[in-house]
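Chemist: So I've got this file, data07.pdb, and it contains PDB, C-alpha atoms, pLDDT in the B column:
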ATOM      1  CA  MET T  89     224.877 259.329 197.340  1.00 34.00           C
ATOM      2  CA  ASN T  90     223.314 262.774 197.344  1.00 34.00           C
ATOM      3  CA  GLU T  91     226.484 264.766 196.958  1.00 37.00           C
ATOM      4  CA  SER T  92     228.125 264.771 193.601  1.00 41.00           C
ATOM      5  CA  ALA T  93     231.539 264.344 195.210  1.00 42.00           C
ATOM      6  CA  GLN T  94     230.441 261.011 196.617  1.00 38.00           C
ATOM      7  CA  THR T  95     229.383 259.673 193.269  1.00 44.00           C
ATOM      8  CA  ARG T  96     233.000 260.054 192.231  1.00 64.00           C
ATOM      9  CA  THR T  97     234.458 257.755 194.822  1.00 74.00           C
ATOM     10  CA  LEU T  98     233.981 254.052 195.069  1.00 79.00           C
ATOM     11  CA  LEU T  99     235.057 252.365 198.267  1.00 84.00           C
ATOM     12  CA  ILE T 100     235.432 248.643 198.803  1.00 86.00           C
ATOM     13  CA  GLU T 101     236.724 247.194 202.042  1.00 89.00           C
ATOM     14  CA  ARG T 102     237.232 243.522 202.747  1.00 89.00           C
ATOM     15  CA  GLU T 103     238.781 241.549 205.544  1.00 90.00           C
ATOM     16  CA  MET T 104     240.936 238.764 204.150  1.00 90.00           C
ATOM     17  CA  PRO T 105     242.480 235.844 206.068  1.00 91.00           C
ATOM     18  CA  HIS T 106     245.907 236.418 204.559  1.00 90.00           C
ATOM     19  CA  PRO T 107     248.965 238.379 205.696  1.00 92.00           C
ATOM     20  CA  PRO T 108     249.523 241.835 204.126  1.00 93.00           C
ATOM     21  CA  GLU T 109     252.757 240.696 202.461  1.00 93.00           C
ATOM     22  CA  LYS T 110     250.944 238.041 200.500  1.00 92.00           C
ATOM     23  CA  ILE T 111     248.152 240.359 199.381  1.00 93.00           C
ATOM     24  CA  TRP T 112     250.812 242.897 198.459  1.00 94.00           C
ATOM     25  CA  ARG T 113     252.313 240.365 196.051  1.00 93.00           C
ATOM     26  CA  ALA T 114     248.935 239.828 194.389  1.00 93.00           C
ATOM     27  CA  LEU T 115     248.615 243.587 193.992  1.00 95.00           C
ATOM     28  CA  THR T 116     252.090 244.267 192.638  1.00 95.00           C
ATOM     29  CA  GLU T 117     253.346 241.266 190.631  1.00 93.00           C
ATOM     30  CA  GLY T 118     252.273 241.552 186.986  1.00 94.00           C
ATOM     31  CA  PRO T 119     251.336 237.909 186.366  1.00 93.00           C
ATOM     32  CA  LEU T 120     249.398 237.754 189.640  1.00 93.00           C
ATOM     33  CA  ILE T 121     247.605 241.038 188.876  1.00 93.00           C
ATOM     34  CA  ALA T 122     246.618 239.562 185.522  1.00 91.00           C
ATOM     35  CA  GLU T 123     244.963 236.648 187.285  1.00 91.00           C
ATOM     36  CA  TRP T 124     242.468 238.748 189.170  1.00 92.00           C
ATOM     37  CA  LEU T 125     242.368 242.146 187.474  1.00 91.00           C
ATOM     38  CA  MET T 126     243.623 242.573 183.920  1.00 90.00           C
ATOM     39  CA  THR T 127     246.543 242.010 181.595  1.00 93.00           C
ATOM     40  CA  ASN T 128     249.168 244.607 182.432  1.00 96.00           C
ATOM     41  CA  ASP T 129     252.780 245.692 182.363  1.00 97.00           C
ATOM     42  CA  PHE T 130     252.780 246.969 185.912  1.00 98.00           C
ATOM     43  CA  LYS T 131     255.979 247.470 187.904  1.00 97.00           C
ATOM     44  CA  PRO T 132     256.022 248.581 191.539  1.00 97.00           C
ATOM     45  CA  GLU T 133     258.063 251.698 190.799  1.00 97.00           C
ATOM     46  CA  VAL T 134     256.823 255.225 191.373  1.00 96.00           C
ATOM     47  CA  GLY T 135     256.550 256.993 188.028  1.00 95.00           C
ATOM     48  CA  HIS T 136     256.240 253.789 186.012  1.00 97.00           C
ATOM     49  CA  ARG T 137     253.672 254.185 183.240  1.00 96.00           C
ATOM     50  CA  PHE T 138     251.740 251.109 182.279  1.00 97.00           C
ATOM     51  CA  THR T 139     248.506 249.894 180.746  1.00 95.00           C
ATOM     52  CA  PHE T 140     245.732 247.555 181.726  1.00 93.00           C
ATOM     53  CA  ARG T 141     244.077 245.822 178.813  1.00 91.00           C
ATOM     54  CA  ALA T 142     240.494 244.678 178.832  1.00 82.00           C
ATOM     55  CA  THR T 143     238.364 243.428 175.964  1.00 77.00           C
ATOM     56  CA  PRO T 144     237.702 246.332 173.583  1.00 71.00           C
ATOM     57  CA  VAL T 145     234.084 247.299 172.948  1.00 63.00           C
ATOM     58  CA  PRO T 146     232.647 249.798 170.444  1.00 58.00           C
ATOM     59  CA  GLY T 147     233.547 253.258 171.663  1.00 54.00           C
ATOM     60  CA  TRP T 148     236.158 252.026 174.075  1.00 61.00           C
ATOM     61  CA  SER T 149     239.596 250.681 173.294  1.00 71.00           C
ATOM     62  CA  GLY T 150     239.676 248.553 176.418  1.00 77.00           C
ATOM     63  CA  ILE T 151     242.942 250.198 177.365  1.00 85.00           C
ATOM     64  CA  ILE T 152     243.436 251.826 180.727  1.00 88.00           C
ATOM     65  CA  GLU T 153     246.436 254.147 180.939  1.00 89.00           C
ATOM     66  CA  SER T 154     248.024 254.204 184.344  1.00 94.00           C
ATOM     67  CA  GLU T 155     250.959 255.520 186.280  1.00 94.00           C
ATOM     68  CA  VAL T 156     252.283 254.288 189.580  1.00 96.00           C
ATOM     69  CA  LEU T 157     251.969 257.101 192.135  1.00 95.00           C
ATOM     70  CA  VAL T 158     252.712 255.568 195.552  1.00 96.00           C
ATOM     71  CA  VAL T 159     254.452 252.336 196.539  1.00 97.00           C
ATOM     72  CA  GLU T 160     254.728 251.660 200.277  1.00 97.00           C
ATOM     73  CA  PRO T 161     255.068 247.899 200.801  1.00 97.00           C
ATOM     74  CA  PRO T 162     253.092 246.273 202.210  1.00 96.00           C
ATOM     75  CA  SER T 163     250.594 248.921 203.177  1.00 97.00           C
ATOM     76  CA  ARG T 164     249.801 251.410 200.446  1.00 97.00           C
ATOM     77  CA  LEU T 165     249.653 251.389 196.652  1.00 97.00           C
ATOM     78  CA  VAL T 166     248.266 254.124 194.422  1.00 95.00           C
ATOM     79  CA  TYR T 167     248.035 254.308 190.653  1.00 95.00           C
ATOM     80  CA  SER T 168     246.233 256.559 188.245  1.00 91.00           C
ATOM     81  CA  TRP T 169     243.503 255.076 186.092  1.00 88.00           C
ATOM     82  CA  GLY T 170     242.839 256.768 182.772  1.00 82.00           C
ATOM     83  CA  ALA T 171     239.900 255.327 180.884  1.00 73.00           C
ATOM     84  CA  LEU T 172     237.109 256.722 178.765  1.00 59.00           C
ATOM     85  CA  GLY T 173     238.912 260.053 178.655  1.00 58.00           C
ATOM     86  CA  LEU T 174     238.492 260.563 182.373  1.00 67.00           C
ATOM     87  CA  ASP T 175     241.295 260.354 184.865  1.00 72.00           C
ATOM     88  CA  SER T 176     240.882 258.752 188.236  1.00 82.00           C
ATOM     89  CA  ALA T 177     243.044 257.107 190.861  1.00 87.00           C
ATOM     90  CA  VAL T 178     242.973 253.746 192.587  1.00 91.00           C
ATOM     91  CA  THR T 179     244.317 253.498 196.141  1.00 93.00           C
ATOM     92  CA  PHE T 180     244.874 250.226 197.988  1.00 95.00           C
ATOM     93  CA  THR T 181     245.429 250.334 201.722  1.00 96.00           C
ATOM     94  CA  LEU T 182     246.395 247.204 203.662  1.00 95.00           C
ATOM     95  CA  THR T 183     245.961 247.121 207.421  1.00 97.00           C
ATOM     96  CA  PRO T 184     247.014 244.068 209.474  1.00 97.00           C
ATOM     97  CA  THR T 185     244.233 242.607 211.617  1.00 95.00           C
ATOM     98  CA  GLU T 186     244.121 239.719 214.066  1.00 95.00           C
ATOM     99  CA  GLY T 187     242.993 237.265 211.443  1.00 92.00           C
ATOM    100  CA  GLY T 188     244.801 238.685 208.442  1.00 92.00           C
ATOM    101  CA  THR T 189     244.411 241.942 206.574  1.00 93.00           C
ATOM    102  CA  ARG T 190     241.803 244.568 205.962  1.00 93.00           C
ATOM    103  CA  LEU T 191     242.103 245.547 202.297  1.00 93.00           C
ATOM    104  CA  ARG T 192     240.573 248.832 201.347  1.00 93.00           C
ATOM    105  CA  MET T 193     240.267 250.056 197.779  1.00 91.00           C
ATOM    106  CA  GLU T 194     239.272 253.552 196.884  1.00 88.00           C
ATOM    107  CA  HIS T 195     238.608 254.476 193.285  1.00 85.00           C
ATOM    108  CA  SER T 196     238.116 258.189 192.965  1.00 80.00           C
ATOM    109  CA  GLY T 197     237.878 260.544 190.043  1.00 71.00           C
ATOM    110  CA  PHE T 198     238.309 264.147 189.191  1.00 50.00           C
ATOM    111  CA  GLY T 199     240.540 266.449 191.107  1.00 45.00           C
ATOM    112  CA  SER T 200     239.227 269.976 191.049  1.00 38.00           C
ATOM    113  CA  ASP T 201     242.118 271.505 189.168  1.00 37.00           C
ATOM    114  CA  GLN T 202     242.938 268.809 186.683  1.00 39.00           C
ATOM    115  CA  ASP T 203     242.242 270.527 183.377  1.00 34.00           C
ATOM    116  CA  GLN T 204     245.321 268.847 182.008  1.00 35.00           C
ATOM    117  CA  ALA T 205     243.879 265.471 182.813  1.00 36.00           C
ATOM    118  CA  TYR T 206     240.991 265.957 180.431  1.00 38.00           C
ATOM    119  CA  LYS T 207     242.784 265.768 177.160  1.00 36.00           C
ATOM    120  CA  GLY T 208     239.844 264.196 175.479  1.00 35.00           C
ATOM    121  CA  ALA T 209     242.131 263.172 172.652  1.00 28.00           C
ATOM    122  CA  ASN T 210     241.736 259.455 172.740  1.00 30.00           C
ATOM    123  CA  TYR T 211     238.088 258.777 173.270  1.00 36.00           C
ATOM    124  CA  GLY T 212     234.897 259.194 171.360  1.00 35.00           C
ATOM    125  CA  TRP T 213     232.711 261.065 173.721  1.00 39.00           C
ATOM    126  CA  ARG T 214     229.522 260.369 171.851  1.00 37.00           C
ATOM    127  CA  ASN T 215     230.279 256.690 171.781  1.00 40.00           C
ATOM    128  CA  PHE T 216     230.991 256.793 175.448  1.00 41.00           C
ATOM    129  CA  LEU T 217     227.592 258.264 176.210  1.00 40.00           C
ATOM    130  CA  ASN T 218     225.841 255.843 173.906  1.00 41.00           C
ATOM    131  CA  ASN T 219     227.734 252.808 175.073  1.00 40.00           C
ATOM    132  CA  LEU T 220     228.247 253.517 178.730  1.00 37.00           C
ATOM    133  CA  GLU T 221     225.842 250.817 179.805  1.00 35.00           C
ATOM    134  CA  HIS T 222     227.273 248.382 177.332  1.00 41.00           C
ATOM    135  CA  VAL T 223     230.783 249.038 178.570  1.00 35.00           C
ATOM    136  CA  VAL T 224     229.771 248.461 182.143  1.00 35.00           C
ATOM    137  CA  GLU T 225     228.095 245.172 181.268  1.00 40.00           C
ATOM    138  CA  ARG T 226     231.117 243.956 179.416  1.00 44.00           C
ATOM    139  CA  MET T 227     233.476 245.027 182.168  1.00 38.00           C
ATOM    140  CA  ASP T 228     231.741 242.696 184.580  1.00 38.00           C
TER     141      ASP T 228
ATOM    142  CA  MET G  89     223.134 261.546 189.687  1.00 35.00           C
ATOM    143  CA  GLN G  90     220.627 264.100 190.905  1.00 36.00           C
ATOM    144  CA  ALA G  91     223.387 266.677 191.015  1.00 41.00           C
ATOM    145  CA  VAL G  92     223.642 266.664 187.233  1.00 48.00           C
ATOM    146  CA  PRO G  93     222.458 269.974 185.871  1.00 57.00           C
ATOM    147  CA  ASP G  94     219.641 269.568 183.371  1.00 66.00           C
ATOM    148  CA  ASN G  95     221.370 271.842 180.929  1.00 74.00           C
ATOM    149  CA  VAL G  96     224.262 269.417 180.548  1.00 76.00           C
ATOM    150  CA  PHE G  97     221.867 266.676 179.506  1.00 70.00           C
ATOM    151  CA  ARG G  98     219.925 269.011 177.279  1.00 75.00           C
ATOM    152  CA  ALA G  99     223.087 270.318 175.657  1.00 81.00           C
ATOM    153  CA  LEU G 100     224.290 266.818 174.821  1.00 76.00           C
ATOM    154  CA  ALA G 101     220.900 265.502 173.760  1.00 73.00           C
ATOM    155  CA  ASP G 102     221.263 267.216 170.383  1.00 79.00           C
ATOM    156  CA  PRO G 103     223.408 265.287 167.875  1.00 78.00           C
ATOM    157  CA  THR G 104     224.837 268.420 166.236  1.00 85.00           C
ATOM    158  CA  ARG G 105     225.903 269.775 169.609  1.00 87.00           C
ATOM    159  CA  ARG G 106     227.375 266.420 170.563  1.00 82.00           C
ATOM    160  CA  ALA G 107     229.345 266.445 167.328  1.00 83.00           C
ATOM    161  CA  ILE G 108     230.607 269.975 168.023  1.00 89.00           C
ATOM    162  CA  TYR G 109     231.511 269.060 171.562  1.00 86.00           C
ATOM    163  CA  GLU G 110     233.215 265.889 170.476  1.00 80.00           C
ATOM    164  CA  ARG G 111     235.279 267.747 167.899  1.00 83.00           C
ATOM    165  CA  LEU G 112     236.437 270.279 170.459  1.00 87.00           C
ATOM    166  CA  ALA G 113     237.256 267.557 172.957  1.00 79.00           C
ATOM    167  CA  ARG G 114     239.172 265.578 170.387  1.00 77.00           C
ATOM    168  CA  ASN G 115     240.946 268.290 168.425  1.00 80.00           C
ATOM    169  CA  GLY G 116     241.381 271.041 170.968  1.00 85.00           C
ATOM    170  CA  GLU G 117     240.528 274.699 170.631  1.00 91.00           C
ATOM    171  CA  GLN G 118     238.862 275.853 167.399  1.00 93.00           C
ATOM    172  CA  THR G 119     237.352 279.021 165.974  1.00 93.00           C
ATOM    173  CA  VAL G 120     233.689 279.358 165.075  1.00 92.00           C
ATOM    174  CA  HIS G 121     234.787 279.522 161.464  1.00 91.00           C
ATOM    175  CA  ALA G 122     236.675 276.259 161.612  1.00 92.00           C
ATOM    176  CA  LEU G 123     233.735 274.603 163.320  1.00 91.00           C
ATOM    177  CA  THR G 124     231.338 275.946 160.689  1.00 91.00           C
ATOM    178  CA  ASP G 125     233.472 274.988 157.713  1.00 87.00           C
ATOM    179  CA  ARG G 126     233.245 271.262 158.142  1.00 75.00           C
ATOM    180  CA  SER G 127     229.830 270.976 159.722  1.00 78.00           C
ATOM    181  CA  GLY G 128     227.406 271.608 156.877  1.00 82.00           C
ATOM    182  CA  VAL G 129     225.526 273.926 159.222  1.00 87.00           C
ATOM    183  CA  SER G 130     225.314 277.726 158.985  1.00 92.00           C
ATOM    184  CA  GLN G 131     227.460 279.883 161.212  1.00 92.00           C
ATOM    185  CA  PRO G 132     224.507 281.393 163.110  1.00 93.00           C
ATOM    186  CA  ALA G 133     223.313 277.857 163.832  1.00 94.00           C
ATOM    187  CA  ILE G 134     226.762 276.841 165.070  1.00 94.00           C
ATOM    188  CA  SER G 135     226.914 279.944 167.261  1.00 94.00           C
ATOM    189  CA  LYS G 136     223.541 279.085 168.738  1.00 95.00           C
ATOM    190  CA  HIS G 137     224.689 275.569 169.554  1.00 95.00           C
ATOM    191  CA  LEU G 138     227.870 276.938 171.098  1.00 95.00           C
ATOM    192  CA  THR G 139     225.793 279.231 173.298  1.00 95.00           C
ATOM    193  CA  VAL G 140     223.869 276.230 174.622  1.00 93.00           C
ATOM    194  CA  LEU G 141     227.122 274.352 175.260  1.00 93.00           C
ATOM    195  CA  LYS G 142     228.537 277.422 176.947  1.00 94.00           C
ATOM    196  CA  ARG G 143     225.550 277.720 179.242  1.00 91.00           C
ATOM    197  CA  ALA G 144     226.097 274.112 180.293  1.00 88.00           C
ATOM    198  CA  LYS G 145     229.760 275.029 180.907  1.00 89.00           C
ATOM    199  CA  LEU G 146     230.778 272.331 178.442  1.00 89.00           C
ATOM    200  CA  VAL G 147     232.774 274.816 176.388  1.00 93.00           C
ATOM    201  CA  ARG G 148     234.701 277.970 177.094  1.00 94.00           C
ATOM    202  CA  HIS G 149     235.476 280.778 174.694  1.00 94.00           C
ATOM    203  CA  ARG G 150     238.084 283.467 174.328  1.00 95.00           C
ATOM    204  CA  ARG G 151     238.340 286.288 171.845  1.00 93.00           C
ATOM    205  CA  GLU G 152     241.426 286.925 169.815  1.00 91.00           C
ATOM    206  CA  GLY G 153     241.144 289.730 167.289  1.00 90.00           C
ATOM    207  CA  ARG G 154     238.000 289.084 165.333  1.00 89.00           C
ATOM    208  CA  GLU G 155     237.904 285.401 166.011  1.00 90.00           C
ATOM    209  CA  THR G 156     236.288 283.622 168.909  1.00 92.00           C
ATOM    210  CA  HIS G 157     238.023 280.445 169.933  1.00 95.00           C
ATOM    211  CA  TYR G 158     236.142 277.660 171.667  1.00 95.00           C
ATOM    212  CA  SER G 159     237.516 274.815 173.743  1.00 92.00           C
ATOM    213  CA  ALA G 160     235.927 271.838 175.503  1.00 88.00           C
ATOM    214  CA  GLN G 161     235.550 271.799 179.295  1.00 84.00           C
ATOM    215  CA  PRO G 162     235.153 268.110 180.058  1.00 74.00           C
ATOM    216  CA  GLN G 163     235.067 268.626 183.824  1.00 72.00           C
ATOM    217  CA  ALA G 164     231.466 269.728 183.306  1.00 76.00           C
ATOM    218  CA  LEU G 165     230.820 266.074 182.551  1.00 73.00           C
ATOM    219  CA  ALA G 166     232.045 264.943 185.935  1.00 65.00           C
ATOM    220  CA  PRO G 167     228.585 264.711 187.503  1.00 62.00           C
ATOM    221  CA  LEU G 168     227.456 262.477 184.647  1.00 64.00           C
ATOM    222  CA  VAL G 169     229.911 259.826 185.569  1.00 61.00           C
ATOM    223  CA  ASP G 170     228.514 257.820 188.391  1.00 62.00           C
ATOM    224  CA  TRP G 171     231.536 256.024 189.728  1.00 60.00           C
ATOM    225  CA  MET G 172     229.413 253.525 191.592  1.00 63.00           C
ATOM    226  CA  SER G 173     227.585 252.312 188.534  1.00 64.00           C
ATOM    227  CA  ILE G 174     230.620 252.241 186.299  1.00 66.00           C
ATOM    228  CA  TYR G 175     233.007 250.505 188.612  1.00 74.00           C
ATOM    229  CA  GLY G 176     230.987 249.077 191.500  1.00 78.00           C
ATOM    230  CA  ALA G 177     230.216 245.664 190.028  1.00 77.00           C
ATOM    231  CA  PHE G 178     233.554 245.601 188.259  1.00 81.00           C
ATOM    232  CA  TRP G 179     235.675 245.939 191.397  1.00 87.00           C
ATOM    233  CA  ARG G 180     233.505 243.672 193.516  1.00 87.00           C
ATOM    234  CA  GLU G 181     233.879 240.909 190.998  1.00 87.00           C
ATOM    235  CA  ARG G 182     237.637 241.512 190.741  1.00 91.00           C
ATOM    236  CA  PHE G 183     237.897 241.349 194.509  1.00 92.00           C
ATOM    237  CA  ASP G 184     236.234 237.933 194.415  1.00 92.00           C
ATOM    238  CA  GLN G 185     238.858 236.834 191.924  1.00 93.00           C
ATOM    239  CA  LEU G 186     241.586 238.276 194.126  1.00 95.00           C
ATOM    240  CA  GLU G 187     240.362 236.216 197.074  1.00 94.00           C
ATOM    241  CA  ASN G 188     240.317 233.136 194.874  1.00 94.00           C
ATOM    242  CA  LEU G 189     243.859 233.795 193.816  1.00 95.00           C
ATOM    243  CA  LEU G 190     245.009 234.289 197.398  1.00 95.00           C
ATOM    244  CA  GLN G 191     243.556 230.927 198.352  1.00 94.00           C
ATOM    245  CA  ARG G 192     245.369 229.262 195.494  1.00 93.00           C
ATOM    246  CA  MET G 193     248.615 230.988 196.447  1.00 91.00           C
ATOM    247  CA  GLU G 194     248.594 229.246 199.799  1.00 72.00           C
ATOM    248  CA  LYS G 195     249.378 225.937 198.247  1.00 51.00           C
TER     249      LYS G 195
END
Rewrite the structure from the file as structure tokens, please.
Modeler:
Amino acid sequence: MNESAQTRTLLIEREMPHPPEKIWRALTEGPLIAEWLMTNDFKPEVGHRFTFRATPVPGWSGIIESEVLVVEPPSRLVYSWGALGLDSAVTFTLTPTEGGTRLRMEHSGFGSDQDQAYKGANYGWRNFLNNLEHVVERMD
Amino acid sequence: MQAVPDNVFRALADPTRRAIYERLARNGEQTVHALTDRSGVSQPAISKHLTVLKRAKLVRHRREGRETHYSAQPQALAPLVDWMSIYGAFWRERFDQLENLLQRMEK
């Protein structure tokens, strides 16, 4: 964690005893997504804009603005993740293994040339700084 | 987090500067005059604050005629956002729920 670039990517990898097709359903069917992630109006269509809704806290609306970027069933899914005025992207990669599937999730922020992404219009920056810890607690 | 330049922290530690920064981030580019008008702070004081924000690369300026326009540069905040601490616990817990769901789906 000593390079700033690394602090902007979160990687989680888990081996799951389920076929990729089944995990793909859990990642791409709205009601199933809601069961493990958040309320949403997701559709597995590139270009589809949707929102995730979490419990609002002071300084944060609880709304995550997203857009579907890549849909390659049943192996790769990418959507943008706009929260707290900062844009990031979530990438799921599914690889078949002997016993099931290796599911890899990468959550990374900040392209280098994304000035447009930082609109800053819909967040209270000061509140974000003051409430960052609070937000993280509540998100658990 | 050690990559965060001290001057970013220092720049945002002051409530007046935070307010200025927040206004620029929220409302887009503004002149020094516009920033002064609604702040209750003198123009030299505003200019001083803007210089500190500029040094931290939190704002950028451009001249147009006699006016200097300032705009927010939120990418300077990038090092402040530690992805691991914001989303680490969040995603791990969601992954647990995903595995639960997958087990239930088998039925």
Chemist: At most 12 Å from (250.1, 241.2, 203.6), file frame, all atoms listed in the file: which residues, as number ranges by chain?
Modeler: T: 103-116, 160-164, 180-185, 187-191; G: 190
Chemist: Name the residues captured by the PyMOL selection byres ((chain G and resi 121-129) around 9) when it is applied to the shown file; answer as a list of chain:residue names.
Modeler: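 Checking the PyMOL selection byres ((chain G and resi 121-129) around 9) against this file, the residues are G:Thr104, G:Ala107, G:Ile108, G:Arg111, G:Leu112, G:Gln118, G:Thr119, G:Val120, G:Ser130, G:Gln131, G:Pro132, G:Ala133, G:Ile134, G:Ser135, G:Glu155, G:Thr156.
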Chemist: Write the residues of the preceding selection, restricted to C-alpha atoms, as an mmCIF file, in the frame of the given file.
Modeler:
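Output (again32.cif):
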data_model
loop_
_atom_site.group_PDB
_atom_site.id
_atom_site.type_symbol
_atom_site.label_atom_id
_atom_site.label_comp_id
_atom_site.auth_asym_id
_atom_site.auth_seq_id
_atom_site.Cartn_x
_atom_site.Cartn_y
_atom_site.Cartn_z
ATOM 1 C CA THR G 104 224.837 268.420 166.236
ATOM 2 C CA ALA G 107 229.345 266.445 167.328
ATOM 3 C CA ILE G 108 230.607 269.975 168.023
ATOM 4 C CA ARG G 111 235.279 267.747 167.899
ATOM 5 C CA LEU G 112 236.437 270.279 170.459
ATOM 6 C CA GLN G 118 238.862 275.853 167.399
ATOM 7 C CA THR G 119 237.352 279.021 165.974
ATOM 8 C CA VAL G 120 233.689 279.358 165.075
ATOM 9 C CA SER G 130 225.314 277.726 158.985
ATOM 10 C CA GLN G 131 227.460 279.883 161.212
ATOM 11 C CA PRO G 132 224.507 281.393 163.110
ATOM 12 C CA ALA G 133 223.313 277.857 163.832
ATOM 13 C CA ILE G 134 226.762 276.841 165.070
ATOM 14 C CA SER G 135 226.914 279.944 167.261
ATOM 15 C CA GLU G 155 237.904 285.401 166.011
ATOM 16 C CA THR G 156 236.288 283.622 168.909
#
Chemist: Looking at all atoms listed in the file, which of T:Ser168, T:Thr97, T:Ser154, T:Thr127 is the one that sits closest to chain G?
Modeler: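 Looking at the shortest contact to chain G, the residue is T:Thr97.
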Chemist: Find the spatial neighbours of T:Asn128, counting only C-alpha atoms, within a cut-off of 12 Å - ignore same-chain residues fewer than 6 positions away - and output them as number ranges by chain.
Modeler: T: 115-122, 137-142, 150-155
Chemist: With 4 Å on each side, where is the centre of the axis-aligned box around all listed atoms of stretch 126-135 of chain G, and how long are its edges in Å to one decimal, as lines of an AutoDock Vina configuration file?
Modeler:
center_x = 228.3
center_y = 276.2
center_z = 162.1
size_x = 17.9
size_y = 18.4
size_z = 18.4
Chemist: I'd like the interatomic distance between atom CA of G:Leu138 and atom CA of G:Asn115, to a tenth of an Å.
Modeler: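 Pair atom CA of G:Leu138 / atom CA of G:Asn115 returns 15.9 Å.
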Chemist: Quick one: of T:Val134, T:Ala171, T:Leu98, T:Val156, who's nearest to chain G, counting only C-alpha atoms?
Modeler: T:Leu98
Chemist: Counting all atoms listed in the file, which residue out of G:Gln191, G:Arg150, G:Ala113, G:Ala164 sits closest to chain T?
Modeler: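 Nearest candidate to chain T out of G:Gln191, G:Arg150, G:Ala113, G:Ala164: G:Ala113.
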Chemist: What does the structure give for the distance between atom CA of G:Leu189 and atom CA of T:Glu123, in Å to one decimal?
Modeler: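 The value is 7.2 Å.
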